[in-house]
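Below: data.cif (mmCIF, N, CA and C atoms)
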```cif
data_structure
#
loop_
_atom_site.label_atom_id
_atom_site.label_comp_id
_atom_site.auth_asym_id
_atom_site.auth_seq_id
_atom_site.Cartn_x
_atom_site.Cartn_y
_atom_site.Cartn_z
N THR A 7 131.45 96.80 97.27
CA THR A 7 131.22 96.52 95.86
C THR A 7 129.80 95.99 95.65
N GLN A 8 129.19 96.43 94.58
CA GLN A 8 127.82 96.02 94.29
C GLN A 8 127.82 94.75 93.44
N ARG A 9 126.95 93.84 93.79
CA ARG A 9 126.76 92.64 92.99
C ARG A 9 126.08 93.05 91.69
N PRO A 10 126.51 92.54 90.54
CA PRO A 10 125.98 93.01 89.25
C PRO A 10 124.48 92.79 89.07
N ARG A 11 123.92 91.74 89.61
CA ARG A 11 122.50 91.46 89.40
C ARG A 11 121.60 92.19 90.39
N LEU A 12 122.15 92.71 91.45
CA LEU A 12 121.35 93.43 92.43
C LEU A 12 121.01 94.81 91.90
N LYS A 13 119.79 95.26 92.20
CA LYS A 13 119.41 96.63 91.85
C LYS A 13 119.04 97.36 93.12
N LEU A 14 119.17 98.67 93.10
CA LEU A 14 118.80 99.49 94.24
C LEU A 14 117.32 99.31 94.53
N ALA A 15 116.98 99.02 95.78
CA ALA A 15 115.59 98.79 96.16
C ALA A 15 114.86 100.12 96.39
N PRO A 16 113.57 100.16 96.09
CA PRO A 16 112.78 101.36 96.38
C PRO A 16 112.40 101.44 97.86
N ARG A 17 111.71 102.51 98.22
CA ARG A 17 111.15 102.69 99.56
C ARG A 17 112.22 102.71 100.64
N GLN A 18 113.18 103.63 100.51
CA GLN A 18 114.26 103.72 101.47
C GLN A 18 114.34 105.10 102.13
N ALA A 19 113.23 105.75 102.26
CA ALA A 19 113.22 107.08 102.89
C ALA A 19 113.40 106.95 104.40
N GLY A 20 113.72 108.06 105.03
CA GLY A 20 113.80 108.11 106.48
C GLY A 20 114.92 107.26 107.05
N PHE A 21 114.61 106.52 108.09
CA PHE A 21 115.61 105.76 108.83
C PHE A 21 116.32 104.73 107.95
N SER A 22 115.59 104.08 107.05
CA SER A 22 116.21 103.08 106.16
C SER A 22 117.35 103.69 105.36
N HIS A 23 117.23 104.95 105.01
CA HIS A 23 118.27 105.63 104.24
C HIS A 23 119.60 105.67 105.01
N HIS A 24 119.52 105.79 106.34
CA HIS A 24 120.73 105.87 107.16
C HIS A 24 121.44 104.53 107.27
N VAL A 25 120.70 103.44 107.22
CA VAL A 25 121.28 102.11 107.38
C VAL A 25 121.77 101.56 106.04
N GLY A 26 121.00 101.83 104.98
CA GLY A 26 121.27 101.27 103.65
C GLY A 26 122.40 101.97 102.93
N PRO A 27 122.41 101.81 101.64
CA PRO A 27 121.28 101.45 100.79
C PRO A 27 121.01 99.94 100.76
N PHE A 28 119.73 99.62 100.58
CA PHE A 28 119.30 98.24 100.41
C PHE A 28 119.18 97.95 98.92
N TYR A 29 119.43 96.70 98.59
CA TYR A 29 119.35 96.23 97.20
C TYR A 29 118.37 95.07 97.14
N GLU A 30 118.00 94.67 95.92
CA GLU A 30 117.11 93.53 95.78
C GLU A 30 117.32 92.86 94.43
N ILE A 31 116.86 91.63 94.36
CA ILE A 31 116.90 90.85 93.13
C ILE A 31 115.69 89.93 93.11
N THR A 32 115.12 89.75 91.94
CA THR A 32 114.01 88.82 91.78
C THR A 32 114.57 87.44 91.48
N LEU A 33 114.18 86.46 92.27
CA LEU A 33 114.59 85.07 92.08
C LEU A 33 113.36 84.25 91.72
N PRO A 34 113.53 83.04 91.21
CA PRO A 34 112.36 82.23 90.85
C PRO A 34 111.38 82.00 91.99
N HIS A 35 111.87 81.94 93.23
CA HIS A 35 111.00 81.69 94.39
C HIS A 35 110.57 82.98 95.09
N GLY A 36 110.95 84.15 94.61
CA GLY A 36 110.54 85.40 95.24
C GLY A 36 111.67 86.42 95.26
N MET A 37 111.48 87.44 96.06
CA MET A 37 112.46 88.54 96.15
C MET A 37 113.49 88.25 97.23
N ARG A 38 114.72 88.68 96.95
CA ARG A 38 115.79 88.65 97.94
C ARG A 38 116.28 90.08 98.10
N ARG A 39 116.37 90.53 99.35
CA ARG A 39 116.91 91.86 99.65
C ARG A 39 118.34 91.70 100.13
N ALA A 40 119.15 92.76 100.01
CA ALA A 40 120.57 92.67 100.36
C ALA A 40 121.06 93.99 100.94
N LEU A 41 122.09 93.89 101.76
CA LEU A 41 122.75 95.05 102.37
C LEU A 41 124.24 94.75 102.43
N LEU A 42 125.06 95.67 101.95
CA LEU A 42 126.51 95.55 102.08
C LEU A 42 126.91 96.18 103.41
N LEU A 43 127.47 95.39 104.29
CA LEU A 43 127.86 95.87 105.61
C LEU A 43 129.20 96.59 105.54
N ASP A 44 129.31 97.66 106.32
CA ASP A 44 130.57 98.41 106.35
C ASP A 44 130.85 98.89 107.78
N GLY A 45 131.89 99.67 107.93
CA GLY A 45 132.34 100.11 109.25
C GLY A 45 131.30 100.87 110.06
N ARG A 46 130.41 101.59 109.41
CA ARG A 46 129.40 102.35 110.17
C ARG A 46 128.37 101.43 110.82
N HIS A 47 128.35 100.16 110.46
CA HIS A 47 127.39 99.19 111.02
C HIS A 47 127.93 98.45 112.25
N LEU A 48 129.16 98.76 112.66
CA LEU A 48 129.81 97.99 113.73
C LEU A 48 129.45 98.48 115.13
N CYS A 49 129.52 97.55 116.07
CA CYS A 49 129.43 97.88 117.49
C CYS A 49 130.87 97.88 118.04
N PRO A 50 131.09 98.21 119.31
CA PRO A 50 132.45 98.26 119.85
C PRO A 50 133.23 96.94 119.76
N GLU A 51 132.52 95.81 119.63
CA GLU A 51 133.20 94.52 119.53
C GLU A 51 133.65 94.20 118.10
N ASN A 52 133.50 95.16 117.18
CA ASN A 52 133.91 95.01 115.78
C ASN A 52 133.14 93.94 115.01
N VAL A 53 131.91 93.69 115.45
CA VAL A 53 130.96 92.90 114.66
C VAL A 53 129.78 93.81 114.37
N VAL A 54 128.94 93.42 113.46
CA VAL A 54 127.80 94.26 113.09
C VAL A 54 126.82 94.36 114.25
N HIS A 55 126.38 95.56 114.54
CA HIS A 55 125.46 95.84 115.63
C HIS A 55 124.13 95.14 115.39
N GLY A 56 123.57 94.58 116.45
CA GLY A 56 122.28 93.89 116.34
C GLY A 56 121.17 94.78 115.83
N GLY A 57 121.25 96.08 116.10
CA GLY A 57 120.23 97.01 115.62
C GLY A 57 120.22 97.11 114.10
N VAL A 58 121.38 96.94 113.48
CA VAL A 58 121.46 96.95 112.02
C VAL A 58 120.75 95.72 111.47
N ILE A 59 121.01 94.57 112.09
CA ILE A 59 120.36 93.33 111.65
C ILE A 59 118.85 93.44 111.85
N ALA A 60 118.42 94.01 112.98
CA ALA A 60 117.00 94.18 113.25
C ALA A 60 116.35 95.12 112.23
N THR A 61 117.02 96.21 111.91
CA THR A 61 116.48 97.15 110.92
C THR A 61 116.36 96.49 109.56
N PHE A 62 117.39 95.76 109.16
CA PHE A 62 117.34 95.07 107.87
C PHE A 62 116.24 94.01 107.88
N ALA A 63 116.11 93.26 108.96
CA ALA A 63 115.07 92.24 109.06
C ALA A 63 113.68 92.86 108.94
N GLU A 64 113.45 93.99 109.60
CA GLU A 64 112.14 94.63 109.51
C GLU A 64 111.88 95.12 108.08
N TYR A 65 112.90 95.66 107.45
CA TYR A 65 112.76 96.09 106.05
C TYR A 65 112.42 94.91 105.15
N VAL A 66 113.12 93.79 105.33
CA VAL A 66 112.87 92.59 104.53
C VAL A 66 111.43 92.10 104.74
N LEU A 67 110.98 92.07 105.98
CA LEU A 67 109.61 91.63 106.27
C LEU A 67 108.59 92.59 105.68
N TYR A 68 108.78 93.88 105.91
CA TYR A 68 107.84 94.89 105.40
C TYR A 68 107.72 94.79 103.87
N ARG A 69 108.85 94.75 103.20
CA ARG A 69 108.83 94.67 101.73
C ARG A 69 108.30 93.33 101.25
N GLY A 70 108.62 92.25 101.96
CA GLY A 70 108.11 90.93 101.59
C GLY A 70 106.59 90.86 101.69
N ILE A 71 106.04 91.50 102.71
CA ILE A 71 104.58 91.58 102.83
C ILE A 71 104.02 92.37 101.66
N GLY A 72 104.67 93.47 101.32
CA GLY A 72 104.23 94.28 100.18
C GLY A 72 104.26 93.51 98.88
N ASP A 73 105.24 92.61 98.73
CA ASP A 73 105.29 91.76 97.53
C ASP A 73 104.02 90.93 97.40
N GLU A 74 103.48 90.51 98.53
CA GLU A 74 102.30 89.63 98.54
C GLU A 74 100.97 90.37 98.50
N ILE A 75 100.86 91.46 99.25
CA ILE A 75 99.56 92.14 99.35
C ILE A 75 99.50 93.44 98.56
N GLY A 76 100.63 93.84 97.97
CA GLY A 76 100.68 95.07 97.19
C GLY A 76 101.35 96.18 97.96
N GLU A 77 102.32 96.82 97.33
CA GLU A 77 103.08 97.90 97.98
C GLU A 77 102.21 99.11 98.31
N ASP A 78 101.09 99.27 97.62
CA ASP A 78 100.21 100.41 97.87
C ASP A 78 99.33 100.21 99.10
N THR A 79 99.32 99.00 99.65
CA THR A 79 98.53 98.72 100.85
C THR A 79 99.30 99.20 102.07
N SER A 80 98.77 100.20 102.77
CA SER A 80 99.45 100.74 103.94
C SER A 80 99.44 99.73 105.08
N ARG A 81 100.57 99.63 105.77
CA ARG A 81 100.69 98.69 106.87
C ARG A 81 101.72 99.21 107.87
N VAL A 82 101.53 98.83 109.11
CA VAL A 82 102.46 99.21 110.18
C VAL A 82 102.78 97.98 111.01
N SER A 83 104.00 97.96 111.54
CA SER A 83 104.40 96.81 112.35
C SER A 83 103.72 96.87 113.72
N VAL A 84 103.26 95.71 114.15
CA VAL A 84 102.68 95.54 115.48
C VAL A 84 103.73 94.97 116.42
N GLY A 85 104.52 94.03 115.90
CA GLY A 85 105.57 93.42 116.71
C GLY A 85 106.47 92.58 115.85
N MET A 86 107.71 92.43 116.32
CA MET A 86 108.66 91.61 115.60
C MET A 86 109.52 90.86 116.61
N ASP A 87 109.74 89.58 116.34
CA ASP A 87 110.61 88.76 117.17
C ASP A 87 111.85 88.45 116.34
N LEU A 88 113.03 88.61 116.93
CA LEU A 88 114.28 88.40 116.20
C LEU A 88 115.20 87.53 117.03
N LYS A 89 115.71 86.48 116.40
CA LYS A 89 116.67 85.60 117.04
C LYS A 89 117.99 85.69 116.28
N PHE A 90 119.05 86.05 116.98
CA PHE A 90 120.38 86.11 116.37
C PHE A 90 120.99 84.70 116.40
N LEU A 91 121.51 84.27 115.25
CA LEU A 91 122.06 82.94 115.13
C LEU A 91 123.57 82.94 114.96
N ALA A 92 124.12 84.03 114.41
CA ALA A 92 125.56 84.13 114.19
C ALA A 92 125.92 85.60 114.03
N ALA A 93 127.19 85.91 114.22
CA ALA A 93 127.66 87.29 114.05
C ALA A 93 127.75 87.62 112.56
N ALA A 94 127.59 88.90 112.26
CA ALA A 94 127.80 89.41 110.90
C ALA A 94 129.01 90.34 110.94
N PHE A 95 129.71 90.43 109.80
CA PHE A 95 130.97 91.16 109.76
C PHE A 95 130.98 92.18 108.63
N PRO A 96 131.78 93.24 108.78
CA PRO A 96 131.83 94.27 107.74
C PRO A 96 132.45 93.74 106.44
N ASN A 97 132.20 94.47 105.38
CA ASN A 97 132.72 94.16 104.05
C ASN A 97 132.17 92.84 103.50
N ARG A 98 130.98 92.48 103.98
CA ARG A 98 130.27 91.31 103.48
C ARG A 98 128.82 91.71 103.19
N TRP A 99 128.22 90.99 102.28
CA TRP A 99 126.80 91.16 102.00
C TRP A 99 125.98 90.29 102.94
N ILE A 100 124.85 90.83 103.41
CA ILE A 100 123.85 89.98 104.04
C ILE A 100 122.60 90.05 103.16
N TYR A 101 121.82 89.00 103.24
CA TYR A 101 120.63 88.85 102.40
C TYR A 101 119.44 88.51 103.28
N GLY A 102 118.26 88.79 102.77
CA GLY A 102 117.05 88.44 103.49
C GLY A 102 115.95 88.05 102.54
N GLU A 103 115.18 87.04 102.94
CA GLU A 103 114.01 86.60 102.20
C GLU A 103 112.86 86.45 103.17
N ALA A 104 111.71 86.98 102.80
CA ALA A 104 110.53 86.94 103.66
C ALA A 104 109.45 86.07 103.04
N HIS A 105 108.62 85.52 103.91
CA HIS A 105 107.51 84.68 103.48
C HIS A 105 106.28 85.04 104.28
N LEU A 106 105.20 85.30 103.60
CA LEU A 106 103.93 85.57 104.26
C LEU A 106 103.41 84.25 104.83
N LEU A 107 103.05 84.24 106.10
CA LEU A 107 102.58 83.03 106.76
C LEU A 107 101.06 82.96 106.81
N ARG A 108 100.43 84.11 107.07
CA ARG A 108 98.97 84.15 107.20
C ARG A 108 98.51 85.59 107.05
N LYS A 109 97.33 85.74 106.48
CA LYS A 109 96.72 87.06 106.35
C LYS A 109 95.27 86.99 106.77
N THR A 110 94.88 87.89 107.67
CA THR A 110 93.47 88.06 108.02
C THR A 110 93.01 89.37 107.39
N ARG A 111 91.83 89.81 107.74
CA ARG A 111 91.33 91.06 107.16
C ARG A 111 92.20 92.25 107.51
N ASN A 112 92.78 92.24 108.70
CA ASN A 112 93.59 93.41 109.07
C ASN A 112 94.95 93.10 109.68
N LEU A 113 95.36 91.86 109.67
CA LEU A 113 96.69 91.49 110.18
C LEU A 113 97.41 90.60 109.17
N VAL A 114 98.72 90.76 109.12
CA VAL A 114 99.56 89.92 108.28
C VAL A 114 100.69 89.37 109.14
N PHE A 115 100.92 88.07 109.04
CA PHE A 115 101.98 87.39 109.77
C PHE A 115 103.03 86.95 108.76
N ALA A 116 104.30 87.23 109.06
CA ALA A 116 105.36 86.90 108.11
C ALA A 116 106.62 86.48 108.87
N ALA A 117 107.51 85.79 108.15
CA ALA A 117 108.79 85.36 108.72
C ALA A 117 109.88 85.61 107.69
N ALA A 118 111.11 85.76 108.17
CA ALA A 118 112.23 86.01 107.27
C ALA A 118 113.50 85.38 107.82
N GLU A 119 114.36 85.00 106.90
CA GLU A 119 115.71 84.55 107.25
C GLU A 119 116.69 85.60 106.76
N ILE A 120 117.68 85.89 107.59
CA ILE A 120 118.77 86.80 107.23
C ILE A 120 120.03 85.94 107.20
N PHE A 121 120.81 86.05 106.13
CA PHE A 121 121.97 85.16 105.96
C PHE A 121 123.06 85.85 105.16
N ASP A 122 124.27 85.29 105.24
CA ASP A 122 125.35 85.76 104.38
C ASP A 122 125.75 84.61 103.46
N GLN A 123 126.92 84.67 102.87
CA GLN A 123 127.34 83.62 101.93
C GLN A 123 127.59 82.28 102.61
N GLN A 124 127.78 82.31 103.93
CA GLN A 124 128.21 81.10 104.62
C GLN A 124 127.21 80.52 105.62
N ARG A 125 126.34 81.36 106.18
CA ARG A 125 125.48 80.85 107.27
C ARG A 125 124.28 81.76 107.49
N ARG A 126 123.34 81.24 108.27
CA ARG A 126 122.21 82.05 108.71
C ARG A 126 122.68 82.98 109.80
N ILE A 127 122.25 84.24 109.71
CA ILE A 127 122.62 85.26 110.70
C ILE A 127 121.50 85.45 111.72
N ALA A 128 120.24 85.46 111.24
CA ALA A 128 119.11 85.71 112.14
C ALA A 128 117.83 85.16 111.52
N PHE A 129 116.85 84.95 112.40
CA PHE A 129 115.51 84.58 111.98
C PHE A 129 114.56 85.59 112.60
N ALA A 130 113.65 86.12 111.81
CA ALA A 130 112.71 87.13 112.30
C ALA A 130 111.29 86.73 111.93
N SER A 131 110.36 87.07 112.80
CA SER A 131 108.95 86.91 112.48
C SER A 131 108.23 88.14 113.02
N GLY A 132 107.10 88.46 112.39
CA GLY A 132 106.41 89.66 112.83
C GLY A 132 104.96 89.70 112.40
N ILE A 133 104.28 90.67 112.96
CA ILE A 133 102.87 90.91 112.68
C ILE A 133 102.73 92.36 112.23
N TRP A 134 102.00 92.57 111.15
CA TRP A 134 101.73 93.91 110.62
C TRP A 134 100.24 94.12 110.57
N ARG A 135 99.82 95.32 110.86
CA ARG A 135 98.40 95.70 110.75
C ARG A 135 98.21 96.39 109.41
N VAL A 136 97.22 95.92 108.68
CA VAL A 136 96.85 96.56 107.42
C VAL A 136 95.93 97.72 107.76
N LEU A 137 96.32 98.91 107.37
CA LEU A 137 95.53 100.11 107.69
C LEU A 137 94.36 100.23 106.73
N GLY A 138 93.22 100.61 107.28
CA GLY A 138 92.02 100.77 106.46
C GLY A 138 91.23 99.49 106.29
N GLY A 139 91.71 98.37 106.87
CA GLY A 139 90.98 97.12 106.77
C GLY A 139 89.79 97.08 107.70
N GLU A 140 88.89 96.16 107.46
CA GLU A 140 87.71 96.00 108.30
C GLU A 140 88.11 95.39 109.63
N GLU A 141 87.36 95.71 110.65
CA GLU A 141 87.57 95.09 111.95
C GLU A 141 87.08 93.65 111.90
N GLU A 142 87.79 92.78 112.59
CA GLU A 142 87.37 91.36 112.60
C GLU A 142 86.34 91.12 113.67
#
```
Write out the structure in this file as structure tokens.
Amino acid sequence: TQRPRLKLAPRQAGFSHHVGPFYEITLPHGMRRALLLDGRHLCPENVVHGGVIATFAEYVLYRGIGDEIGEDTSRVSVGMDLKFLAAAFPNRWIYGEAHLLRKTRNLVFAAAEIFDQQRRIAFASGIWRVLGGEEE
């Protein structure tokens, strides 16, 4: 079921299309992204596969960076660190919020929390290269 205030998020081509759809909502402190988990997201242990959480975390970080530097600014991930804090389960929403930590001429550092209605699921941080930027 879709939350009434959530709207379908843009930029879901390719691999993101297979995991999503992703949703988003504008809050006073920034954007929140969301994903409704279902049976296709499960691993054999009947909890959500870590790869789904990683994909959602990277999407949240990528889009969060775009919120700050502009969606038209091309960027690619250099690396991402992900720590799992709790299991996620099907038929529940997970949410993510990203925060830009630092920006240089050609690198952006960001962090995100992934959570559900009850607890934090994961913490992610990453580095993105801004394409077309000057060399430092």
I need the output of the PyMOL selection byres (((chain A and resi 118-131 and name CA) around 6) and name CA) for this file as a PyMOL selection string; which residues are they? chain A and resi 86-92+100-104+116-117+132
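Nearest-residue note for Ile71 in chain A: choosing from A:Ala19, A:Leu43, A:Leu106, A:Leu48, the minimum distance belongs to A:Leu106, counting only C-alpha atoms.
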Decode the PyMOL selection byres (((chain A and resi 30 and name CA) around 10) and name CA) for the given file into explicit residues and return them as an mmCIF file with N, CA and C atoms, in the coordinates of the input.
```cif
data_model
loop_
_atom_site.group_PDB
_atom_site.id
_atom_site.type_symbol
_atom_site.label_atom_id
_atom_site.label_comp_id
_atom_site.auth_asym_id
_atom_site.auth_seq_id
_atom_site.Cartn_x
_atom_site.Cartn_y
_atom_site.Cartn_z
ATOM 1 N N ARG A 11 123.920 91.740 89.610
ATOM 2 C CA ARG A 11 122.500 91.460 89.400
ATOM 3 C C ARG A 11 121.600 92.190 90.390
ATOM 4 N N LEU A 12 122.150 92.710 91.450
ATOM 5 C CA LEU A 12 121.350 93.430 92.430
ATOM 6 C C LEU A 12 121.010 94.810 91.900
ATOM 7 N N LYS A 13 119.790 95.260 92.200
ATOM 8 C CA LYS A 13 119.410 96.630 91.850
ATOM 9 C C LYS A 13 119.040 97.360 93.120
ATOM 10 N N LEU A 14 119.170 98.670 93.100
ATOM 11 C CA LEU A 14 118.800 99.490 94.240
ATOM 12 C C LEU A 14 117.320 99.310 94.530
ATOM 13 N N ALA A 15 116.980 99.020 95.780
ATOM 14 C CA ALA A 15 115.590 98.790 96.160
ATOM 15 C C ALA A 15 114.860 100.120 96.390
ATOM 16 N N PRO A 16 113.570 100.160 96.090
ATOM 17 C CA PRO A 16 112.780 101.360 96.380
ATOM 18 C C PRO A 16 112.400 101.440 97.860
ATOM 19 N N PHE A 28 119.730 99.620 100.580
ATOM 20 C CA PHE A 28 119.300 98.240 100.410
ATOM 21 C C PHE A 28 119.180 97.950 98.920
ATOM 22 N N TYR A 29 119.430 96.700 98.590
ATOM 23 C CA TYR A 29 119.350 96.230 97.200
ATOM 24 C C TYR A 29 118.370 95.070 97.140
ATOM 25 N N ILE A 31 116.860 91.630 94.360
ATOM 26 C CA ILE A 31 116.900 90.850 93.130
ATOM 27 C C ILE A 31 115.690 89.930 93.110
ATOM 28 N N THR A 32 115.120 89.750 91.940
ATOM 29 C CA THR A 32 114.010 88.820 91.780
ATOM 30 C C THR A 32 114.570 87.440 91.480
ATOM 31 N N LEU A 33 114.180 86.460 92.270
ATOM 32 C CA LEU A 33 114.590 85.070 92.080
ATOM 33 C C LEU A 33 113.360 84.250 91.720
ATOM 34 N N MET A 37 111.480 87.440 96.060
ATOM 35 C CA MET A 37 112.460 88.540 96.150
ATOM 36 C C MET A 37 113.490 88.250 97.230
ATOM 37 N N ARG A 38 114.720 88.680 96.950
ATOM 38 C CA ARG A 38 115.790 88.650 97.940
ATOM 39 C C ARG A 38 116.280 90.080 98.100
ATOM 40 N N ARG A 39 116.370 90.530 99.350
ATOM 41 C CA ARG A 39 116.910 91.860 99.650
ATOM 42 C C ARG A 39 118.340 91.700 100.130
ATOM 43 N N ALA A 40 119.150 92.760 100.010
ATOM 44 C CA ALA A 40 120.570 92.670 100.360
ATOM 45 C C ALA A 40 121.060 93.990 100.940
ATOM 46 N N LEU A 41 122.090 93.890 101.760
ATOM 47 C CA LEU A 41 122.750 95.050 102.370
ATOM 48 C C LEU A 41 124.240 94.750 102.430
ATOM 49 N N VAL A 66 113.120 93.790 105.330
ATOM 50 C CA VAL A 66 112.870 92.590 104.530
ATOM 51 C C VAL A 66 111.430 92.100 104.740
ATOM 52 N N TYR A 101 121.820 89.000 103.240
ATOM 53 C CA TYR A 101 120.630 88.850 102.400
ATOM 54 C C TYR A 101 119.440 88.510 103.280
ATOM 55 N N GLY A 102 118.260 88.790 102.770
ATOM 56 C CA GLY A 102 117.050 88.440 103.490
ATOM 57 C C GLY A 102 115.950 88.050 102.540
ATOM 58 N N GLU A 103 115.180 87.040 102.940
ATOM 59 C CA GLU A 103 114.010 86.600 102.200
ATOM 60 C C GLU A 103 112.860 86.450 103.170
#
```
List as a PyMOL selection string the protein and nucleic acid residues near Ser80 in chain A, meaning an atom at most 7 Å away when all atoms listed in the file are counted, but skip any in the same chain fewer than 3 places from it. chain A and resi 76-77+135-138
Residues of range 70-126 of chain A classed as helix (DSSP H, G or I) by DSSP on the backbone are to be reported as a list of chain:residue names. A:Gly70, A:Ile71, A:Gly72, A:Asp73, A:Glu74, A:Ile75
Kindly assemble as JSON lines a list of the range 80-105 of chain A residues that lie within 6.5 Å of range 50-59 of chain A, each paired with its nearest atom pair and their distance in Å to one decimal, using all atoms listed in the file, sorted first by chain and then by ascending residue number.
```
{"residue": "A:Ala93", "atom": "C", "partner": "A:Val54", "partner_atom": "N", "distance": 6.0}
{"residue": "A:Ala94", "atom": "C", "partner": "A:Val54", "partner_atom": "N", "distance": 4.0}
{"residue": "A:Phe95", "atom": "CA", "partner": "A:Val54", "partner_atom": "N", "distance": 4.8}
{"residue": "A:Pro96", "atom": "N", "partner": "A:Val54", "partner_atom": "N", "distance": 5.5}
```
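CA of Arg108 in chain A to CA of Ala60 in chain A spans 21.5 Å [interatomic distance, one decimal].
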Please extract the residues of chain A with a backbone DSSP assignment of strand (DSSP E) and present them as a ChimeraX atom specification. /A:13-14,28-33,36-42,81-90,99-109,113-121,126-136
Which is closest to Arg81 in chain A among A:Leu67, A:Phe115, A:Asp44, A:Trp134, if we use all atoms listed in the file?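 Of A:Leu67, A:Phe115, A:Asp44, A:Trp134, the one nearest Arg81 in chain A, counting all atoms listed in the file, is A:Trp134.
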If I take atom C of Val25 in chain A and atom N of Lys109 in chain A, how far is one from the other in Å, to one decimal?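 The value is 29.1 Å.
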Would you kindly return, as a list in words, each protein, DNA or RNA residue with an atom no farther than 10 Å from any atom of Ser22 in chain A, considering only C-alpha atoms and excluding same-chain residues fewer than 2 positions away?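 The filter keeps Arg17, Gln18, Ala19, Gly20, His24, Val25, Gly26, Pro27, Phe28, Val58, Thr61, Phe62, Glu64 and Tyr65 of chain A.
The interatomic distance for the pair atom C of Gly70 in chain A and atom C of His47 in chain A works out to 25.0 Å.
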